[in-house]
$ cat final32.cif   # mmCIF, N, CA and C atoms
data_upload
#
loop_
_atom_site.label_atom_id
_atom_site.label_comp_id
_atom_site.auth_asym_id
_atom_site.auth_seq_id
_atom_site.Cartn_x
_atom_site.Cartn_y
_atom_site.Cartn_z
N MET A 137 -27.97 96.93 -118.26
CA MET A 137 -27.88 95.87 -117.27
C MET A 137 -28.71 96.26 -116.05
N THR A 138 -29.51 95.31 -115.58
CA THR A 138 -30.31 95.54 -114.39
C THR A 138 -29.52 95.13 -113.16
N LEU A 139 -29.31 96.09 -112.26
CA LEU A 139 -28.53 95.86 -111.05
C LEU A 139 -29.39 96.11 -109.83
N GLU A 140 -29.08 95.41 -108.77
CA GLU A 140 -29.63 95.74 -107.45
C GLU A 140 -28.53 96.51 -106.72
N ILE A 141 -28.84 97.69 -106.26
CA ILE A 141 -27.87 98.46 -105.48
C ILE A 141 -28.45 98.66 -104.09
N ARG A 142 -27.68 98.23 -103.09
CA ARG A 142 -28.20 98.21 -101.72
C ARG A 142 -27.06 98.36 -100.74
N ASN A 143 -27.42 98.61 -99.47
CA ASN A 143 -26.41 98.66 -98.41
C ASN A 143 -25.82 97.27 -98.18
N ALA A 144 -24.56 97.23 -97.81
CA ALA A 144 -23.91 95.97 -97.47
C ALA A 144 -24.50 95.42 -96.18
N THR A 145 -24.54 94.09 -96.09
CA THR A 145 -24.97 93.41 -94.87
C THR A 145 -23.86 92.47 -94.42
N ALA A 146 -23.99 91.94 -93.21
CA ALA A 146 -22.96 91.06 -92.67
C ALA A 146 -22.70 89.86 -93.58
N SER A 147 -23.73 89.37 -94.25
CA SER A 147 -23.57 88.18 -95.10
C SER A 147 -22.84 88.49 -96.41
N ASP A 148 -22.56 89.76 -96.69
CA ASP A 148 -21.89 90.14 -97.94
C ASP A 148 -20.37 90.11 -97.85
N PHE A 149 -19.81 89.80 -96.69
CA PHE A 149 -18.36 89.92 -96.53
C PHE A 149 -17.59 89.07 -97.54
N GLU A 150 -18.00 87.83 -97.74
CA GLU A 150 -17.26 86.94 -98.66
C GLU A 150 -17.24 87.48 -100.08
N ALA A 151 -18.34 88.12 -100.49
CA ALA A 151 -18.41 88.67 -101.84
C ALA A 151 -17.67 90.01 -101.95
N TRP A 152 -17.71 90.80 -100.87
CA TRP A 152 -17.07 92.11 -100.88
C TRP A 152 -15.56 92.01 -100.74
N SER A 153 -15.08 91.07 -99.96
CA SER A 153 -13.65 90.99 -99.64
C SER A 153 -12.75 90.89 -100.88
N PRO A 154 -13.04 90.02 -101.86
CA PRO A 154 -12.17 89.97 -103.05
C PRO A 154 -12.16 91.29 -103.83
N LEU A 155 -13.32 91.97 -103.88
CA LEU A 155 -13.35 93.27 -104.56
C LEU A 155 -12.51 94.30 -103.81
N TRP A 156 -12.58 94.27 -102.48
CA TRP A 156 -11.77 95.17 -101.65
C TRP A 156 -10.29 94.92 -101.90
N GLN A 157 -9.89 93.65 -101.96
CA GLN A 157 -8.49 93.33 -102.24
C GLN A 157 -8.09 93.80 -103.64
N GLY A 158 -9.03 93.66 -104.60
CA GLY A 158 -8.77 94.15 -105.95
C GLY A 158 -8.61 95.66 -105.99
N TYR A 159 -9.40 96.35 -105.18
CA TYR A 159 -9.30 97.80 -105.06
C TYR A 159 -7.92 98.19 -104.53
N LEU A 160 -7.47 97.49 -103.48
CA LEU A 160 -6.16 97.80 -102.91
C LEU A 160 -5.05 97.55 -103.92
N THR A 161 -5.17 96.46 -104.68
CA THR A 161 -4.18 96.16 -105.71
C THR A 161 -4.18 97.24 -106.79
N PHE A 162 -5.37 97.66 -107.21
CA PHE A 162 -5.52 98.68 -108.25
C PHE A 162 -4.80 99.96 -107.84
N TYR A 163 -4.90 100.31 -106.57
CA TYR A 163 -4.23 101.51 -106.07
C TYR A 163 -2.86 101.21 -105.48
N LYS A 164 -2.39 99.98 -105.66
CA LYS A 164 -1.07 99.57 -105.17
C LYS A 164 -0.91 99.89 -103.69
N THR A 165 -1.94 99.55 -102.94
CA THR A 165 -1.97 99.77 -101.50
C THR A 165 -2.05 98.43 -100.80
N SER A 166 -1.23 98.21 -99.80
CA SER A 166 -1.24 96.96 -99.05
C SER A 166 -1.69 97.24 -97.63
N LEU A 167 -2.77 96.58 -97.21
CA LEU A 167 -3.26 96.73 -95.84
C LEU A 167 -3.37 95.35 -95.21
N THR A 168 -3.30 95.30 -93.90
CA THR A 168 -3.39 94.01 -93.21
C THR A 168 -4.83 93.54 -93.14
N ASP A 169 -5.02 92.27 -92.83
CA ASP A 169 -6.36 91.71 -92.65
C ASP A 169 -7.11 92.43 -91.53
N GLU A 170 -6.37 92.90 -90.53
CA GLU A 170 -7.00 93.61 -89.43
C GLU A 170 -7.67 94.89 -89.93
N VAL A 171 -7.02 95.56 -90.88
CA VAL A 171 -7.59 96.79 -91.43
C VAL A 171 -8.85 96.47 -92.22
N THR A 172 -8.80 95.39 -92.99
CA THR A 172 -9.98 94.99 -93.76
C THR A 172 -11.14 94.66 -92.82
N GLN A 173 -10.86 93.91 -91.77
CA GLN A 173 -11.90 93.57 -90.80
C GLN A 173 -12.43 94.82 -90.11
N ALA A 174 -11.54 95.75 -89.79
CA ALA A 174 -11.97 96.98 -89.14
C ALA A 174 -12.82 97.82 -90.08
N THR A 175 -12.45 97.87 -91.35
CA THR A 175 -13.24 98.60 -92.34
C THR A 175 -14.63 98.00 -92.44
N TRP A 176 -14.70 96.68 -92.50
CA TRP A 176 -16.00 96.01 -92.59
C TRP A 176 -16.84 96.27 -91.34
N ALA A 177 -16.20 96.27 -90.18
CA ALA A 177 -16.91 96.53 -88.93
C ALA A 177 -17.48 97.95 -88.93
N ARG A 178 -16.72 98.90 -89.45
CA ARG A 178 -17.21 100.28 -89.54
C ARG A 178 -18.41 100.37 -90.47
N ILE A 179 -18.35 99.65 -91.59
CA ILE A 179 -19.45 99.67 -92.56
C ILE A 179 -20.74 99.17 -91.91
N LEU A 180 -20.64 98.16 -91.08
CA LEU A 180 -21.82 97.54 -90.49
C LEU A 180 -22.29 98.21 -89.20
N ASP A 181 -21.50 99.13 -88.67
CA ASP A 181 -21.85 99.79 -87.41
C ASP A 181 -22.86 100.90 -87.68
N PRO A 182 -24.09 100.78 -87.17
CA PRO A 182 -25.10 101.81 -87.46
C PRO A 182 -24.77 103.17 -86.85
N MET A 183 -23.86 103.22 -85.91
CA MET A 183 -23.48 104.49 -85.30
C MET A 183 -22.34 105.18 -86.08
N ASN A 184 -21.78 104.48 -87.07
CA ASN A 184 -20.68 105.02 -87.83
C ASN A 184 -21.22 105.73 -89.06
N LEU A 185 -20.51 106.70 -89.57
CA LEU A 185 -20.96 107.44 -90.74
C LEU A 185 -20.51 106.82 -92.06
N LEU A 186 -19.68 105.76 -92.01
CA LEU A 186 -19.23 105.09 -93.23
C LEU A 186 -20.24 104.04 -93.65
N THR A 187 -20.61 104.03 -94.91
CA THR A 187 -21.57 103.08 -95.45
C THR A 187 -21.03 102.51 -96.75
N ALA A 188 -21.37 101.26 -97.05
CA ALA A 188 -21.02 100.68 -98.34
C ALA A 188 -22.30 100.35 -99.09
N ARG A 189 -22.35 100.77 -100.34
CA ARG A 189 -23.43 100.37 -101.24
C ARG A 189 -22.83 99.38 -102.22
N LEU A 190 -23.53 98.28 -102.42
CA LEU A 190 -23.05 97.23 -103.32
C LEU A 190 -23.92 97.17 -104.57
N ALA A 191 -23.28 96.94 -105.71
CA ALA A 191 -23.99 96.70 -106.97
C ALA A 191 -23.97 95.19 -107.19
N VAL A 192 -25.16 94.59 -107.26
CA VAL A 192 -25.29 93.13 -107.31
C VAL A 192 -26.11 92.73 -108.53
N LYS A 193 -25.67 91.69 -109.22
CA LYS A 193 -26.45 91.10 -110.32
C LYS A 193 -26.42 89.59 -110.16
N ASP A 194 -27.59 89.01 -110.12
CA ASP A 194 -27.73 87.55 -109.98
C ASP A 194 -26.93 87.02 -108.79
N GLY A 195 -26.93 87.77 -107.69
CA GLY A 195 -26.25 87.34 -106.48
C GLY A 195 -24.76 87.58 -106.46
N VAL A 196 -24.19 88.15 -107.53
CA VAL A 196 -22.75 88.41 -107.61
C VAL A 196 -22.51 89.91 -107.40
N VAL A 197 -21.61 90.25 -106.47
CA VAL A 197 -21.27 91.65 -106.22
C VAL A 197 -20.30 92.11 -107.30
N LEU A 198 -20.71 93.11 -108.08
CA LEU A 198 -19.91 93.60 -109.20
C LEU A 198 -19.14 94.87 -108.87
N GLY A 199 -19.55 95.57 -107.81
CA GLY A 199 -18.87 96.80 -107.45
C GLY A 199 -19.36 97.31 -106.11
N PHE A 200 -18.61 98.27 -105.56
CA PHE A 200 -19.01 98.87 -104.30
C PHE A 200 -18.66 100.36 -104.29
N ALA A 201 -19.37 101.09 -103.48
CA ALA A 201 -19.07 102.50 -103.22
C ALA A 201 -19.11 102.72 -101.72
N HIS A 202 -17.99 103.16 -101.15
CA HIS A 202 -17.95 103.53 -99.73
C HIS A 202 -18.16 105.04 -99.66
N HIS A 203 -19.04 105.46 -98.79
CA HIS A 203 -19.22 106.90 -98.61
C HIS A 203 -19.45 107.20 -97.14
N HIS A 204 -19.22 108.44 -96.75
CA HIS A 204 -19.57 108.85 -95.40
C HIS A 204 -20.21 110.22 -95.46
N THR A 205 -21.04 110.50 -94.48
CA THR A 205 -21.72 111.79 -94.41
C THR A 205 -21.19 112.58 -93.22
N HIS A 206 -21.25 113.87 -93.35
CA HIS A 206 -20.84 114.73 -92.25
C HIS A 206 -21.56 116.06 -92.35
N LEU A 207 -21.71 116.72 -91.22
CA LEU A 207 -22.29 118.05 -91.21
C LEU A 207 -21.22 119.07 -91.58
N THR A 208 -21.63 120.08 -92.30
CA THR A 208 -20.68 121.13 -92.68
C THR A 208 -20.78 122.28 -91.68
N THR A 209 -19.84 123.17 -91.77
CA THR A 209 -19.84 124.37 -90.93
C THR A 209 -20.96 125.31 -91.36
N TRP A 210 -21.33 125.24 -92.64
CA TRP A 210 -22.24 126.24 -93.20
C TRP A 210 -23.69 125.79 -93.24
N ASP A 211 -23.95 124.53 -93.05
CA ASP A 211 -25.30 124.04 -93.24
C ASP A 211 -25.59 122.91 -92.26
N VAL A 212 -26.81 122.83 -91.77
CA VAL A 212 -27.16 121.76 -90.84
C VAL A 212 -27.51 120.46 -91.58
N ARG A 213 -27.68 120.54 -92.89
CA ARG A 213 -27.92 119.32 -93.67
C ARG A 213 -26.57 118.68 -94.00
N PRO A 214 -26.48 117.35 -93.99
CA PRO A 214 -25.19 116.71 -94.22
C PRO A 214 -24.74 116.76 -95.68
N THR A 215 -23.44 116.70 -95.85
CA THR A 215 -22.85 116.46 -97.16
C THR A 215 -22.36 115.02 -97.17
N CYS A 216 -22.08 114.52 -98.36
CA CYS A 216 -21.64 113.13 -98.50
C CYS A 216 -20.35 113.09 -99.29
N TYR A 217 -19.35 112.41 -98.77
CA TYR A 217 -18.07 112.24 -99.46
C TYR A 217 -17.94 110.79 -99.91
N LEU A 218 -17.74 110.61 -101.20
CA LEU A 218 -17.51 109.27 -101.76
C LEU A 218 -16.04 108.92 -101.54
N GLU A 219 -15.76 107.98 -100.66
CA GLU A 219 -14.37 107.61 -100.34
C GLU A 219 -13.77 106.68 -101.38
N ASP A 220 -14.46 105.60 -101.69
CA ASP A 220 -13.94 104.58 -102.59
C ASP A 220 -15.04 104.13 -103.54
N LEU A 221 -14.67 103.90 -104.79
CA LEU A 221 -15.58 103.27 -105.74
C LEU A 221 -14.76 102.28 -106.54
N PHE A 222 -15.23 101.05 -106.63
CA PHE A 222 -14.49 100.03 -107.36
C PHE A 222 -15.46 99.09 -108.04
N VAL A 223 -15.13 98.75 -109.28
CA VAL A 223 -15.94 97.82 -110.08
C VAL A 223 -15.06 96.63 -110.44
N SER A 224 -15.64 95.43 -110.33
CA SER A 224 -14.94 94.21 -110.70
C SER A 224 -14.41 94.34 -112.13
N PRO A 225 -13.18 93.90 -112.40
CA PRO A 225 -12.64 93.98 -113.77
C PRO A 225 -13.56 93.35 -114.81
N GLU A 226 -14.27 92.30 -114.44
CA GLU A 226 -15.16 91.62 -115.37
C GLU A 226 -16.39 92.47 -115.72
N ALA A 227 -16.70 93.45 -114.90
CA ALA A 227 -17.91 94.26 -115.10
C ALA A 227 -17.63 95.67 -115.60
N ARG A 228 -16.37 95.99 -115.84
CA ARG A 228 -16.04 97.35 -116.28
C ARG A 228 -16.59 97.61 -117.68
N GLY A 229 -17.03 98.83 -117.87
CA GLY A 229 -17.60 99.21 -119.16
C GLY A 229 -19.07 98.86 -119.32
N LEU A 230 -19.68 98.30 -118.28
CA LEU A 230 -21.08 97.89 -118.35
C LEU A 230 -22.01 98.84 -117.59
N GLY A 231 -21.48 99.95 -117.10
CA GLY A 231 -22.31 100.94 -116.44
C GLY A 231 -22.45 100.76 -114.94
N VAL A 232 -21.65 99.88 -114.34
CA VAL A 232 -21.77 99.62 -112.90
C VAL A 232 -21.33 100.85 -112.09
N GLY A 233 -20.21 101.45 -112.45
CA GLY A 233 -19.72 102.63 -111.74
C GLY A 233 -20.72 103.77 -111.82
N LYS A 234 -21.24 104.02 -113.01
CA LYS A 234 -22.24 105.09 -113.18
C LYS A 234 -23.48 104.79 -112.37
N ALA A 235 -23.90 103.54 -112.33
CA ALA A 235 -25.08 103.16 -111.54
C ALA A 235 -24.85 103.42 -110.05
N LEU A 236 -23.64 103.13 -109.56
CA LEU A 236 -23.32 103.38 -108.15
C LEU A 236 -23.34 104.88 -107.84
N LEU A 237 -22.80 105.69 -108.75
CA LEU A 237 -22.82 107.13 -108.55
C LEU A 237 -24.25 107.67 -108.61
N ASP A 238 -25.01 107.23 -109.60
CA ASP A 238 -26.40 107.68 -109.72
C ASP A 238 -27.20 107.29 -108.47
N ASP A 239 -26.94 106.10 -107.94
CA ASP A 239 -27.61 105.64 -106.73
C ASP A 239 -27.28 106.54 -105.56
N LEU A 240 -26.02 106.93 -105.44
CA LEU A 240 -25.60 107.78 -104.33
C LEU A 240 -26.26 109.16 -104.41
N VAL A 241 -26.35 109.69 -105.62
CA VAL A 241 -27.02 110.98 -105.82
C VAL A 241 -28.50 110.85 -105.46
N ALA A 242 -29.15 109.78 -105.92
CA ALA A 242 -30.57 109.56 -105.60
C ALA A 242 -30.77 109.40 -104.10
N LEU A 243 -29.85 108.68 -103.45
CA LEU A 243 -29.91 108.50 -102.00
C LEU A 243 -29.79 109.83 -101.28
N GLY A 244 -28.88 110.67 -101.78
CA GLY A 244 -28.69 111.99 -101.20
C GLY A 244 -29.94 112.85 -101.29
N LYS A 245 -30.62 112.79 -102.42
CA LYS A 245 -31.86 113.55 -102.58
C LYS A 245 -32.92 113.02 -101.63
N GLU A 246 -32.98 111.69 -101.50
CA GLU A 246 -33.95 111.08 -100.59
C GLU A 246 -33.70 111.47 -99.14
N LYS A 247 -32.43 111.58 -98.76
CA LYS A 247 -32.08 111.85 -97.37
C LYS A 247 -31.87 113.35 -97.10
N ASP A 248 -32.10 114.18 -98.12
CA ASP A 248 -31.98 115.62 -97.98
C ASP A 248 -30.56 116.06 -97.63
N TRP A 249 -29.57 115.46 -98.30
CA TRP A 249 -28.19 115.91 -98.16
C TRP A 249 -28.00 117.20 -98.96
N VAL A 250 -26.97 117.96 -98.63
CA VAL A 250 -26.64 119.18 -99.36
C VAL A 250 -26.02 118.82 -100.71
N SER A 251 -25.04 117.91 -100.68
CA SER A 251 -24.32 117.56 -101.90
C SER A 251 -23.62 116.22 -101.73
N VAL A 252 -23.16 115.70 -102.85
CA VAL A 252 -22.27 114.53 -102.89
C VAL A 252 -21.00 115.01 -103.58
N TYR A 253 -19.83 114.68 -103.02
CA TYR A 253 -18.60 115.08 -103.69
C TYR A 253 -17.54 114.00 -103.58
N TRP A 254 -16.56 114.05 -104.46
CA TRP A 254 -15.46 113.09 -104.46
C TRP A 254 -14.27 113.71 -105.16
N ILE A 255 -13.11 113.11 -104.98
CA ILE A 255 -11.85 113.62 -105.51
C ILE A 255 -11.19 112.52 -106.31
N THR A 256 -10.57 112.89 -107.42
CA THR A 256 -9.78 111.92 -108.17
C THR A 256 -8.51 112.60 -108.66
N ALA A 257 -7.49 111.83 -108.94
CA ALA A 257 -6.22 112.38 -109.38
C ALA A 257 -6.34 112.96 -110.79
N GLU A 258 -5.54 113.96 -111.07
CA GLU A 258 -5.59 114.62 -112.37
C GLU A 258 -5.28 113.66 -113.51
N ASP A 259 -4.42 112.67 -113.26
CA ASP A 259 -4.03 111.74 -114.32
C ASP A 259 -4.90 110.48 -114.37
N ASN A 260 -5.99 110.44 -113.61
CA ASN A 260 -6.85 109.27 -113.59
C ASN A 260 -7.87 109.38 -114.72
N VAL A 261 -7.44 109.03 -115.94
CA VAL A 261 -8.25 109.19 -117.14
C VAL A 261 -9.52 108.33 -117.07
N THR A 262 -9.40 107.11 -116.55
CA THR A 262 -10.56 106.23 -116.45
C THR A 262 -11.64 106.86 -115.58
N ALA A 263 -11.25 107.38 -114.43
CA ALA A 263 -12.21 108.01 -113.54
C ALA A 263 -12.80 109.26 -114.17
N GLN A 264 -12.00 110.03 -114.88
CA GLN A 264 -12.51 111.26 -115.47
C GLN A 264 -13.59 110.98 -116.50
N LYS A 265 -13.46 109.90 -117.25
CA LYS A 265 -14.50 109.55 -118.22
C LYS A 265 -15.83 109.32 -117.51
N LEU A 266 -15.77 108.71 -116.35
CA LEU A 266 -16.98 108.45 -115.57
C LEU A 266 -17.48 109.73 -114.89
N TYR A 267 -16.57 110.54 -114.39
CA TYR A 267 -16.94 111.67 -113.55
C TYR A 267 -17.25 112.95 -114.32
N ASP A 268 -16.79 113.08 -115.57
CA ASP A 268 -16.88 114.37 -116.25
C ASP A 268 -18.31 114.82 -116.54
N SER A 269 -19.29 113.96 -116.36
CA SER A 269 -20.68 114.41 -116.53
C SER A 269 -21.15 115.18 -115.29
N TYR A 270 -20.34 115.20 -114.24
CA TYR A 270 -20.66 115.93 -113.02
C TYR A 270 -19.88 117.24 -113.00
N ASN A 271 -20.09 118.05 -112.01
CA ASN A 271 -19.46 119.36 -111.94
C ASN A 271 -18.05 119.27 -111.38
N LYS A 272 -17.08 119.76 -112.12
CA LYS A 272 -15.71 119.82 -111.63
C LYS A 272 -15.57 121.11 -110.84
N ARG A 273 -15.13 121.02 -109.58
CA ARG A 273 -15.17 122.18 -108.70
C ARG A 273 -13.87 122.94 -108.57
N ASP A 274 -12.74 122.27 -108.58
CA ASP A 274 -11.51 123.00 -108.33
C ASP A 274 -10.31 122.25 -108.89
N ALA A 275 -9.13 122.82 -108.64
CA ALA A 275 -7.90 122.29 -109.23
C ALA A 275 -7.52 120.92 -108.71
N PHE A 276 -8.13 120.48 -107.62
CA PHE A 276 -7.83 119.15 -107.09
C PHE A 276 -8.72 118.09 -107.72
N TYR A 277 -9.46 118.44 -108.77
CA TYR A 277 -10.38 117.50 -109.43
C TYR A 277 -11.41 116.97 -108.45
N ARG A 278 -11.95 117.88 -107.68
CA ARG A 278 -13.05 117.54 -106.80
C ARG A 278 -14.34 117.70 -107.61
N TYR A 279 -15.12 116.66 -107.64
CA TYR A 279 -16.38 116.69 -108.37
C TYR A 279 -17.51 116.77 -107.36
N SER A 280 -18.60 117.40 -107.77
CA SER A 280 -19.71 117.51 -106.84
C SER A 280 -21.03 117.53 -107.56
N VAL A 281 -22.04 117.13 -106.84
CA VAL A 281 -23.42 117.24 -107.29
C VAL A 281 -24.17 117.95 -106.17
N THR A 282 -24.72 119.12 -106.46
CA THR A 282 -25.52 119.84 -105.49
C THR A 282 -26.94 119.27 -105.56
N LEU A 283 -27.48 118.92 -104.41
CA LEU A 283 -28.79 118.25 -104.40
C LEU A 283 -29.92 119.21 -104.05
#

$ encode --input "final32.cif" --output "structure tokens"
Amino acid sequence: MTLEIRNATASDFEAWSPLWQGYLTFYKTSLTDEVTQATWARILDPMNLLTARLAVKDGVVLGFAHHHTHLTTWDVRPTCYLEDLFVSPEARGLGVGKALLDDLVALGKEKDWVSVYWITAEDNVTAQKLYDSYNKRDAFYRYSVTL
């Protein structure tokens, strides 16, 4: 499947919002509309370290990845933490999640980041199928890609 993966823009809110609500439902998390609006404001704030990358096909947003970068104590180059990754139920199994991860790794290489890392629960079998091609770092199921 050919996808466009790009940063979210202000005009993407209507397409992103249902996926965000689906993400919250998937994790059985309930947040107020104010939190959703605040999250979106952070994504669009160029001074903030949180960014959203959207996977789009034919104008339809099929998935998103929220990530943030930070400097480490050991290196002046930033690392990147993948906070959230969610794919529309209709698009699961079509490679959207893998495309979002591959995009983040490519972005990290382009921006000269040290690494990309993320954490998933030990019992999250679906995520492990996607993540196991990357390096498992520790007992908390932290995965990483050194760039």

$ axis_aligned_box --input "final32.cif" --around "region 218-223 of chain A" --padding-each-side "3 Å" --output "AutoDock Vina command-line options"
--center_x -15.8 --center_y 103.6 --center_z -105.4 --size_x 10.0 --size_y 20.0 --size_z 16.1

$ resolve_selection --input "final32.cif" --expression "the PyMOL selection byres ((chain A and resi 231-242) around 8)" --output "PyMOL selection string"
chain A and resi 137+139+141+189-191+198-201+221-224+227-230+243-248+251-252+266-267+281+283

$ select_by_dssp --input "final32.cif" --residues "region 144-278 of chain A" --states "strand (DSSP E or B)" --output "mmCIF file with N, CA and C atoms, in the frame of the given file"
data_model
loop_
_atom_site.group_PDB
_atom_site.id
_atom_site.type_symbol
_atom_site.label_atom_id
_atom_site.label_comp_id
_atom_site.auth_asym_id
_atom_site.auth_seq_id
_atom_site.Cartn_x
_atom_site.Cartn_y
_atom_site.Cartn_z
ATOM 1 N N LEU A 186 -19.680 105.760 -92.010
ATOM 2 C CA LEU A 186 -19.230 105.090 -93.230
ATOM 3 C C LEU A 186 -20.240 104.040 -93.650
ATOM 4 N N THR A 187 -20.610 104.030 -94.910
ATOM 5 C CA THR A 187 -21.570 103.080 -95.450
ATOM 6 C C THR A 187 -21.030 102.510 -96.750
ATOM 7 N N ALA A 188 -21.370 101.260 -97.050
ATOM 8 C CA ALA A 188 -21.020 100.680 -98.340
ATOM 9 C C ALA A 188 -22.300 100.350 -99.090
ATOM 10 N N ARG A 189 -22.350 100.770 -100.340
ATOM 11 C CA ARG A 189 -23.430 100.370 -101.240
ATOM 12 C C ARG A 189 -22.830 99.380 -102.220
ATOM 13 N N LEU A 190 -23.530 98.280 -102.420
ATOM 14 C CA LEU A 190 -23.050 97.230 -103.320
ATOM 15 C C LEU A 190 -23.920 97.170 -104.570
ATOM 16 N N ALA A 191 -23.280 96.940 -105.710
ATOM 17 C CA ALA A 191 -23.990 96.700 -106.970
ATOM 18 C C ALA A 191 -23.970 95.190 -107.190
ATOM 19 N N VAL A 192 -25.160 94.590 -107.260
ATOM 20 C CA VAL A 192 -25.290 93.130 -107.310
ATOM 21 C C VAL A 192 -26.110 92.730 -108.530
ATOM 22 N N LYS A 193 -25.670 91.690 -109.220
ATOM 23 C CA LYS A 193 -26.450 91.100 -110.320
ATOM 24 C C LYS A 193 -26.420 89.590 -110.160
ATOM 25 N N VAL A 196 -24.190 88.150 -107.530
ATOM 26 C CA VAL A 196 -22.750 88.410 -107.610
ATOM 27 C C VAL A 196 -22.510 89.910 -107.400
ATOM 28 N N VAL A 197 -21.610 90.250 -106.470
ATOM 29 C CA VAL A 197 -21.270 91.650 -106.220
ATOM 30 C C VAL A 197 -20.300 92.110 -107.300
ATOM 31 N N LEU A 198 -20.710 93.110 -108.080
ATOM 32 C CA LEU A 198 -19.910 93.600 -109.200
ATOM 33 C C LEU A 198 -19.140 94.870 -108.870
ATOM 34 N N GLY A 199 -19.550 95.570 -107.810
ATOM 35 C CA GLY A 199 -18.870 96.800 -107.450
ATOM 36 C C GLY A 199 -19.360 97.310 -106.110
ATOM 37 N N PHE A 200 -18.610 98.270 -105.560
ATOM 38 C CA PHE A 200 -19.010 98.870 -104.300
ATOM 39 C C PHE A 200 -18.660 100.360 -104.290
ATOM 40 N N ALA A 201 -19.370 101.090 -103.480
ATOM 41 C CA ALA A 201 -19.070 102.500 -103.220
ATOM 42 C C ALA A 201 -19.110 102.720 -101.720
ATOM 43 N N HIS A 202 -17.990 103.160 -101.150
ATOM 44 C CA HIS A 202 -17.950 103.530 -99.730
ATOM 45 C C HIS A 202 -18.160 105.040 -99.660
ATOM 46 N N HIS A 203 -19.040 105.460 -98.790
ATOM 47 C CA HIS A 203 -19.220 106.900 -98.610
ATOM 48 C C HIS A 203 -19.450 107.200 -97.140
ATOM 49 N N HIS A 204 -19.220 108.440 -96.750
ATOM 50 C CA HIS A 204 -19.570 108.850 -95.400
ATOM 51 C C HIS A 204 -20.210 110.220 -95.460
ATOM 52 N N THR A 205 -21.040 110.500 -94.480
ATOM 53 C CA THR A 205 -21.720 111.790 -94.410
ATOM 54 C C THR A 205 -21.190 112.580 -93.220
ATOM 55 N N HIS A 206 -21.250 113.870 -93.350
ATOM 56 C CA HIS A 206 -20.840 114.730 -92.250
ATOM 57 C C HIS A 206 -21.560 116.060 -92.350
ATOM 58 N N LEU A 207 -21.710 116.720 -91.220
ATOM 59 C CA LEU A 207 -22.290 118.050 -91.210
ATOM 60 C C LEU A 207 -21.220 119.070 -91.580
ATOM 61 N N PRO A 214 -26.480 117.350 -93.990
ATOM 62 C CA PRO A 214 -25.190 116.710 -94.220
ATOM 63 C C PRO A 214 -24.740 116.760 -95.680
ATOM 64 N N THR A 215 -23.440 116.700 -95.850
ATOM 65 C CA THR A 215 -22.850 116.460 -97.160
ATOM 66 C C THR A 215 -22.360 115.020 -97.170
ATOM 67 N N CYS A 216 -22.080 114.520 -98.360
ATOM 68 C CA CYS A 216 -21.640 113.130 -98.500
ATOM 69 C C CYS A 216 -20.350 113.090 -99.290
ATOM 70 N N TYR A 217 -19.350 112.410 -98.770
ATOM 71 C CA TYR A 217 -18.070 112.240 -99.460
ATOM 72 C C TYR A 217 -17.940 110.790 -99.910
ATOM 73 N N LEU A 218 -17.740 110.610 -101.200
ATOM 74 C CA LEU A 218 -17.510 109.270 -101.760
ATOM 75 C C LEU A 218 -16.040 108.920 -101.540
ATOM 76 N N GLU A 219 -15.760 107.980 -100.660
ATOM 77 C CA GLU A 219 -14.370 107.610 -100.340
ATOM 78 C C GLU A 219 -13.770 106.680 -101.380
ATOM 79 N N ASP A 220 -14.460 105.600 -101.690
ATOM 80 C CA ASP A 220 -13.940 104.580 -102.590
ATOM 81 C C ASP A 220 -15.040 104.130 -103.540
ATOM 82 N N LEU A 221 -14.670 103.900 -104.790
ATOM 83 C CA LEU A 221 -15.580 103.270 -105.740
ATOM 84 C C LEU A 221 -14.760 102.280 -106.540
ATOM 85 N N PHE A 222 -15.230 101.050 -106.630
ATOM 86 C CA PHE A 222 -14.490 100.030 -107.360
ATOM 87 C C PHE A 222 -15.460 99.090 -108.040
ATOM 88 N N VAL A 223 -15.130 98.750 -109.280
ATOM 89 C CA VAL A 223 -15.940 97.820 -110.080
ATOM 90 C C VAL A 223 -15.060 96.630 -110.440
ATOM 91 N N SER A 251 -25.040 117.910 -100.680
ATOM 92 C CA SER A 251 -24.320 117.560 -101.900
ATOM 93 C C SER A 251 -23.620 116.220 -101.730
ATOM 94 N N VAL A 252 -23.160 115.700 -102.850
ATOM 95 C CA VAL A 252 -22.270 114.530 -102.890
ATOM 96 C C VAL A 252 -21.000 115.010 -103.580
ATOM 97 N N TYR A 253 -19.830 114.680 -103.020
ATOM 98 C CA TYR A 253 -18.600 115.080 -103.690
ATOM 99 C C TYR A 253 -17.540 114.000 -103.580
ATOM 100 N N TRP A 254 -16.560 114.050 -104.460
ATOM 101 C CA TRP A 254 -15.460 113.090 -104.460
ATOM 102 C C TRP A 254 -14.270 113.710 -105.160
ATOM 103 N N ILE A 255 -13.110 113.110 -104.980
ATOM 104 C CA ILE A 255 -11.850 113.620 -105.510
ATOM 105 C C ILE A 255 -11.190 112.520 -106.310
ATOM 106 N N ASN A 271 -20.090 118.050 -112.010
ATOM 107 C CA ASN A 271 -19.460 119.360 -111.940
ATOM 108 C C ASN A 271 -18.050 119.270 -111.380
ATOM 109 N N LYS A 272 -17.080 119.760 -112.120
ATOM 110 C CA LYS A 272 -15.710 119.820 -111.630
ATOM 111 C C LYS A 272 -15.570 121.110 -110.840
ATOM 112 N N ARG A 278 -11.950 117.880 -107.680
ATOM 113 C CA ARG A 278 -13.050 117.540 -106.800
ATOM 114 C C ARG A 278 -14.340 117.700 -107.610
#

$ select_by_dssp --input "final32.cif" --residues "chain A" --states "alpha helix (DSSP H)" --output "MDAnalysis selection string"
chainID A and resid 149:162 169:180 232:247 261:267

$ atom_distance --input "final32.cif" --atom1 "CA of Leu167 (chain A)" --atom2 "atom C of Ser153 (chain A)"
12.2 Å

$ atom_distance --input "final32.cif" --atom1 "CA of Gly158 (chain A)" --atom2 "CA of His202 (chain A)"
14.5 Å

$ atom_distance --input "final32.cif" --atom1 "CA of Thr161 (chain A)" --atom2 "atom N of Arg178 (chain A)"
20.7 Å
